[in-house]
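Q: This is data.txt, which holds compact mmCIF, C-alpha atoms:
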# COMPACT_ATOMS: atom_id res chain seq x y z
CA GLY A 169 -7.95 -9.58 -13.44
CA ASP A 170 -8.68 -8.43 -9.95
CA SER A 171 -9.24 -4.72 -9.48
CA VAL A 172 -10.52 -2.13 -7.04
CA THR A 173 -12.36 1.06 -7.94
CA GLN A 174 -12.64 3.93 -5.48
CA MET A 175 -14.52 7.17 -5.70
CA GLU A 176 -12.47 10.08 -6.96
CA GLY A 177 -11.33 12.68 -4.49
CA PRO A 178 -10.61 14.97 -2.95
CA VAL A 179 -13.43 14.81 -0.46
CA THR A 180 -13.82 17.89 1.74
CA LEU A 181 -16.01 17.72 4.84
CA SER A 182 -16.66 19.84 7.88
CA GLU A 183 -15.80 18.40 11.27
CA GLU A 184 -18.52 16.08 12.64
CA ALA A 185 -19.94 15.38 9.17
CA PHE A 186 -20.79 11.86 7.99
CA LEU A 187 -18.26 10.20 5.73
CA THR A 188 -18.76 7.63 2.98
CA ILE A 189 -16.01 6.58 0.60
CA ASN A 190 -17.21 4.13 -2.02
CA CYS A 191 -15.21 1.08 -3.04
CA THR A 192 -16.19 -1.67 -5.45
CA TYR A 193 -14.12 -4.61 -6.54
CA THR A 194 -13.76 -7.22 -9.25
CA ALA A 195 -12.35 -10.60 -8.33
CA THR A 196 -12.63 -14.14 -9.59
CA GLY A 197 -12.47 -15.77 -6.17
CA TYR A 198 -13.38 -14.80 -2.62
CA PRO A 199 -11.03 -12.00 -1.70
CA SER A 200 -10.18 -10.44 1.61
CA LEU A 201 -10.89 -6.70 1.63
CA PHE A 202 -9.00 -3.94 3.37
CA TRP A 203 -8.99 -0.22 4.02
CA TYR A 204 -5.59 1.38 4.53
CA VAL A 205 -4.96 4.98 5.55
CA GLN A 206 -1.95 7.13 4.65
CA TYR A 207 -1.26 10.25 6.70
CA PRO A 208 0.93 12.95 5.13
CA GLY A 209 4.55 11.89 4.86
CA GLU A 210 3.92 8.42 6.24
CA GLY A 211 3.48 4.89 4.99
CA LEU A 212 0.16 3.10 4.80
CA GLN A 213 -1.49 1.71 7.92
CA LEU A 214 -4.20 -0.90 8.07
CA LEU A 215 -7.45 0.70 9.16
CA LEU A 216 -9.78 -2.31 8.99
CA LYS A 217 -10.37 -5.52 7.11
CA ALA A 218 -12.98 -8.18 6.34
CA THR A 219 -12.23 -11.66 5.12
CA LYS A 220 -15.62 -13.01 4.09
CA ALA A 221 -19.02 -11.90 2.91
CA ASP A 222 -21.16 -9.97 5.42
CA ASP A 223 -18.20 -9.41 7.74
CA LYS A 224 -17.98 -5.90 9.16
CA GLY A 225 -14.57 -4.43 9.84
CA SER A 226 -14.35 -1.56 12.30
CA ASN A 227 -11.67 0.58 13.90
CA LYS A 228 -11.41 4.12 15.31
CA GLY A 229 -15.07 4.80 14.49
CA PHE A 230 -14.68 3.69 10.87
CA GLU A 231 -16.74 0.78 9.53
CA ALA A 232 -17.02 -1.16 6.28
CA THR A 233 -19.16 -4.17 5.44
CA TYR A 234 -18.15 -6.80 2.88
CA ARG A 235 -21.09 -6.96 0.44
CA LYS A 236 -20.66 -9.83 -1.98
CA GLU A 237 -23.96 -9.21 -3.79
CA THR A 238 -22.90 -5.67 -4.73
CA THR A 239 -19.13 -6.38 -4.71
CA SER A 240 -18.63 -3.40 -2.47
CA PHE A 241 -16.73 -2.43 0.68
CA HIS A 242 -17.72 1.17 1.39
CA LEU A 243 -15.96 3.02 4.21
CA GLU A 244 -18.13 5.02 6.64
CA LYS A 245 -17.69 7.14 9.73
CA GLY A 246 -20.45 8.88 11.57
CA SER A 247 -18.56 11.97 12.69
CA VAL A 248 -15.20 12.88 11.16
CA GLN A 249 -12.48 14.86 12.91
CA VAL A 250 -9.74 17.09 11.54
CA SER A 251 -7.27 14.35 12.46
CA ASP A 252 -8.97 12.01 9.96
CA SER A 253 -7.58 14.06 7.07
CA ALA A 254 -5.55 11.56 5.05
CA VAL A 255 -5.62 9.42 1.92
CA TYR A 256 -7.71 6.25 2.16
CA PHE A 257 -7.00 3.18 0.05
CA CYS A 258 -9.29 0.26 -0.57
CA ALA A 259 -7.49 -3.00 -1.35
CA LEU A 260 -8.14 -6.66 -1.96
CA SER A 261 -6.19 -9.86 -1.64
CA ASP A 262 -7.49 -12.77 -3.66
CA SER A 263 -5.89 -16.13 -4.30
CA GLY A 264 -2.54 -14.39 -4.65
CA TYR A 265 -0.61 -12.93 -1.80
CA ALA A 266 -0.19 -9.35 -2.80
CA LEU A 267 -2.54 -6.49 -2.14
CA ASN A 268 -4.30 -4.91 -5.12
CA PHE A 269 -4.90 -1.25 -4.25
CA GLY A 270 -7.37 1.31 -5.50
CA LYS A 271 -6.12 4.77 -6.54
CA GLY A 272 -6.82 6.29 -3.13
CA THR A 273 -9.27 8.95 -1.98
CA SER A 274 -7.99 12.10 -0.35
CA LEU A 275 -10.07 13.37 2.59
CA LEU A 276 -9.77 16.86 4.03
CA VAL A 277 -11.72 17.69 7.16
CA THR A 278 -12.04 21.37 8.04
CA PRO A 279 -12.77 22.78 11.52
CA ASP B 80 8.70 -2.47 18.12
CA ALA B 81 10.58 -0.36 15.57
CA GLY B 82 8.33 -1.13 12.63
CA VAL B 83 9.57 -1.40 9.06
CA ILE B 84 12.65 0.75 8.56
CA GLN B 85 13.58 2.25 5.21
CA SER B 86 16.60 4.26 4.19
CA PRO B 87 17.23 6.78 2.93
CA ARG B 88 14.00 8.74 3.42
CA HIS B 89 14.85 11.04 0.55
CA GLU B 90 17.18 10.50 -2.40
CA VAL B 91 17.98 12.94 -5.16
CA THR B 92 20.19 11.69 -7.95
CA GLU B 93 21.06 12.43 -11.53
CA MET B 94 19.90 10.41 -14.46
CA GLY B 95 22.20 7.47 -15.14
CA GLN B 96 23.32 7.02 -11.54
CA GLU B 97 22.81 3.88 -9.53
CA VAL B 98 20.32 4.09 -6.68
CA THR B 99 20.00 1.62 -3.81
CA LEU B 100 17.03 1.65 -1.45
CA ARG B 101 17.16 -0.33 1.77
CA CYS B 102 14.57 -1.99 3.96
CA LYS B 103 14.60 -3.74 7.32
CA PRO B 104 11.36 -5.65 7.92
CA ILE B 105 9.74 -6.22 11.29
CA SER B 106 11.56 -8.92 13.22
CA GLY B 107 9.85 -12.27 12.79
CA HIS B 108 8.04 -11.35 9.60
CA ASN B 109 8.86 -13.69 6.75
CA SER B 110 7.27 -11.90 3.78
CA LEU B 111 8.52 -8.67 2.27
CA PHE B 112 7.01 -6.50 -0.44
CA TRP B 113 8.32 -3.56 -2.49
CA TYR B 114 5.79 -1.03 -3.83
CA ARG B 115 6.10 2.12 -5.91
CA GLN B 116 3.68 5.04 -5.55
CA THR B 117 3.16 7.74 -8.18
CA MET B 118 0.35 10.17 -8.86
CA MET B 119 -0.25 8.71 -12.29
CA ARG B 120 -0.22 5.00 -11.48
CA GLY B 121 -1.03 4.89 -7.76
CA LEU B 122 0.46 2.03 -5.75
CA GLU B 123 2.14 -0.72 -7.75
CA LEU B 124 3.60 -3.93 -6.40
CA LEU B 125 7.10 -4.43 -7.76
CA ILE B 126 8.26 -7.67 -6.15
CA TYR B 127 7.71 -9.79 -3.08
CA PHE B 128 9.72 -12.32 -1.12
CA ASN B 129 8.80 -15.17 1.17
CA ASN B 130 11.47 -16.59 3.47
CA ASN B 131 14.05 -14.52 1.57
CA VAL B 132 13.12 -16.08 -1.79
CA PRO B 133 11.64 -13.91 -4.56
CA ILE B 134 8.16 -15.22 -5.32
CA ASP B 135 6.86 -12.84 -7.95
CA ASP B 136 8.82 -10.10 -9.70
CA SER B 137 6.36 -9.53 -12.53
CA GLY B 138 5.81 -5.98 -11.36
CA MET B 139 9.42 -4.94 -11.79
CA PRO B 140 9.22 -2.44 -14.65
CA GLU B 141 12.36 -3.42 -16.51
CA ASP B 142 15.81 -4.89 -16.20
CA ARG B 143 17.15 -1.71 -14.69
CA PHE B 144 15.39 -2.72 -11.47
CA SER B 145 16.65 -5.51 -9.25
CA ALA B 146 15.89 -6.58 -5.68
CA LYS B 147 17.64 -8.85 -3.22
CA MET B 148 16.97 -10.22 0.21
CA PRO B 149 20.23 -11.74 1.50
CA ASN B 150 18.77 -12.47 4.93
CA ALA B 151 15.57 -12.20 6.92
CA SER B 152 16.34 -8.72 8.20
CA PHE B 153 17.46 -6.85 5.09
CA SER B 154 16.38 -6.18 1.52
CA THR B 155 17.54 -3.83 -1.20
CA LEU B 156 15.94 -2.42 -4.32
CA LYS B 157 18.44 -1.20 -6.88
CA ILE B 158 17.91 0.92 -9.97
CA GLN B 159 20.78 1.04 -12.43
CA PRO B 160 20.83 3.27 -14.40
CA SER B 161 18.18 5.56 -12.98
CA GLU B 162 15.86 7.65 -15.20
CA PRO B 163 13.61 10.63 -14.42
CA ARG B 164 10.51 8.45 -14.84
CA ASP B 165 11.69 6.39 -11.85
CA SER B 166 10.90 9.35 -9.59
CA ALA B 167 8.36 8.08 -7.07
CA VAL B 168 7.90 7.07 -3.45
CA TYR B 169 9.09 3.52 -2.86
CA PHE B 170 7.55 1.60 0.03
CA CYS B 171 8.67 -1.58 1.67
CA ALA B 172 6.14 -3.66 3.61
CA SER B 173 6.39 -6.85 5.62
CA SER B 174 3.95 -9.43 6.91
CA LEU B 175 3.86 -12.66 8.83
CA GLY B 176 3.08 -15.25 6.20
CA LEU B 177 1.64 -14.88 2.74
CA ALA B 178 -1.94 -16.10 3.08
CA GLY B 179 -4.62 -13.74 1.91
CA GLY B 180 -5.94 -11.58 4.70
CA ARG B 181 -2.57 -11.07 6.34
CA GLU B 182 -1.90 -7.48 7.33
CA GLN B 183 1.04 -5.81 5.65
CA TYR B 184 3.03 -3.30 7.69
CA PHE B 185 4.46 -0.45 5.64
CA GLY B 186 7.60 1.55 6.14
CA PRO B 187 7.66 5.35 5.84
CA GLY B 188 8.87 5.20 2.23
CA THR B 189 11.81 6.56 0.28
CA ARG B 190 11.07 9.56 -1.92
CA LEU B 191 13.28 9.25 -5.00
CA THR B 192 13.85 12.15 -7.34
CA VAL B 193 15.86 11.57 -10.51
CA THR B 194 16.89 14.73 -12.33
Will you turn the file into structure tokens for me?
A:
Amino acid sequence: GDSVTQMEGPVTLSEEAFLTINCTYTATGYPSLFWYVQYPGEGLQLLLKATKADDKGSNKGFEATYRKETTSFHLEKGSVQVSDSAVYFCALSDSGYALNFGKGTSLLVTP
Amino acid sequence: DAGVIQSPRHEVTEMGQEVTLRCKPISGHNSLFWYRQTMMRGLELLIYFNNNVPIDDSGMPEDRFSAKMPNASFSTLKIQPSEPRDSAVYFCASSLGLAGGREQYFGPGTRLTVT
């Protein structure tokens, strides 16, 4: 079945460091891919998405490119801020309607 | 826009009691999803509705769990009887349509503790 694998956390970075969170997927069809972010005590919010191969999703300085050849959708940001501390979830939606989430990666950014 | 509203935000109950979680989706959204989040299992989809009709309840863990959506603006998730292993954060999400690629909007969650 469809699945998403994310890198284990927690990830701890200093402010202004470069961020990469790896995400790979397994799917039988041509899924849409998403990154959601969960701030402490809140629900998940969509950060960015891509619906077909080679699409790049971007938002708030975060980017991820849909790579079909490597079945990956890695999240990157050039310069993280303390306010980016949160849990990040990679997810896919294939022929079904529901989102299939990864386990989440916790990010802590220190001043 | 108020977003997805869930109540209560926190619920503490004793094993064997009935628990009812409530959700009001975003106005105009016609799809609603219930998820459960735990440290061990991450985010799990329990059930989803389209136009108030349950489409897939294969994620509901057992018969103790039931969900209803009597109208477009209200859904409930009921656990009867509750057990300690049901302790988790339960999220409701809504979207406009069901097609893949549609953004789901999540509520703040209900943190359930069963003692």
Q: Using all atoms listed in the file, which chain A residues lie at most 12 Å away from chain B, written as a PyMOL selection string?
A: chain A and resi 172-174+197-220+255+257-273
Q: Distance atom CA of B:Ala167-atom CA of B:Val193, one decimal place?
A: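 So the two atoms, atom CA of B:Ala167 and atom CA of B:Val193, lie 9.0 Å apart.
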Q: Just want the 6 Å neighbourhood of A:Ser253, counted on all atoms listed in the file, with same-chain residues fewer than 4 positions away dropped. Output as a PyMOL selection string.
A: chain A and resi 275-277
Q: Rounded to one decimal place, report the atom CA of A:Gly225-atom CA of B:Tyr114 distance in Å.
A: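 Atom CA of B:Tyr114 lies 24.8 Å from atom CA of A:Gly225.
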Q: Env of A:Gln249: 10 Å cut, atoms = all atoms listed in the file, seq-sep filter 5 positions within chain, self excluded. Answer as number ranges by chain.
A: A: 181-185, 276-279
Q: If we count only C-alpha atoms and set the cut-off at 6 Å, which residues sit around B:His108, ignoring sequence neighbours fewer than 2 positions away in its own chain? Please answer as a list in words.
A: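 Here the answer would be Ile105, Ser106, Ser110, Ser174 and Leu175 of chain B.
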Q: Show me the residues around (-20.5, -8.9, -4.7) - criterion: an atom at most 10 Å away, all atoms listed in the file counted - as a list in words.
A: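 Residues found, by chain and rising number: Thr192, Tyr193, Thr194, Ala195, Tyr198, Ala221, Tyr234, Arg235, Lys236, Glu237, Thr238, Thr239, Ser240 and Phe241 of chain A.
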Q: For atom CA of A:Tyr256 and atom CA of A:Lys228, determine how far apart the two atoms are, in Å to one decimal place.
A: 13.8 Å
Q: Need the shell around A:Gly177: protein/DNA/RNA residues with any atom at most 7 Å away, counting only C-alpha atoms. Skip same-chain ones fewer than 2 positions apart. Format as JSON, numbers by chain?
A: {"A": [175, 179, 273, 274]}
Q: Pick out the residues sitting within 7 Å of A:Ala232, and hand them over as a CSV table (one decimal) with C-alpha atoms, keeping the file's coordinate frame; count only C-alpha atoms, and ignore anything fewer than 5 positions along from it in its own chain.
A:
chain,number,residue,atom,x,y,z
A,224,LYS,CA,-18.0,-5.9,9.2
A,225,GLY,CA,-14.6,-4.4,9.8
A,226,SER,CA,-14.4,-1.6,12.3
A,241,PHE,CA,-16.7,-2.4,0.7
A,242,HIS,CA,-17.7,1.2,1.4
A,243,LEU,CA,-16.0,3.0,4.2
A,244,GLU,CA,-18.1,5.0,6.6
Q: Calculated over only C-alpha atoms, which of the candidates B:Thr194, B:Asn150, B:Ser173, B:Thr99 has the smallest distance to B:Trp113?
A: B:Ser173
Q: My list of candidates is B:Arg115, B:Asn130, B:Val98, B:Leu125. Which is closest to B:Phe153 when distances are computed with only C-alpha atoms?
A: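 The answer is B:Asn130, which sits nearest to B:Phe153.
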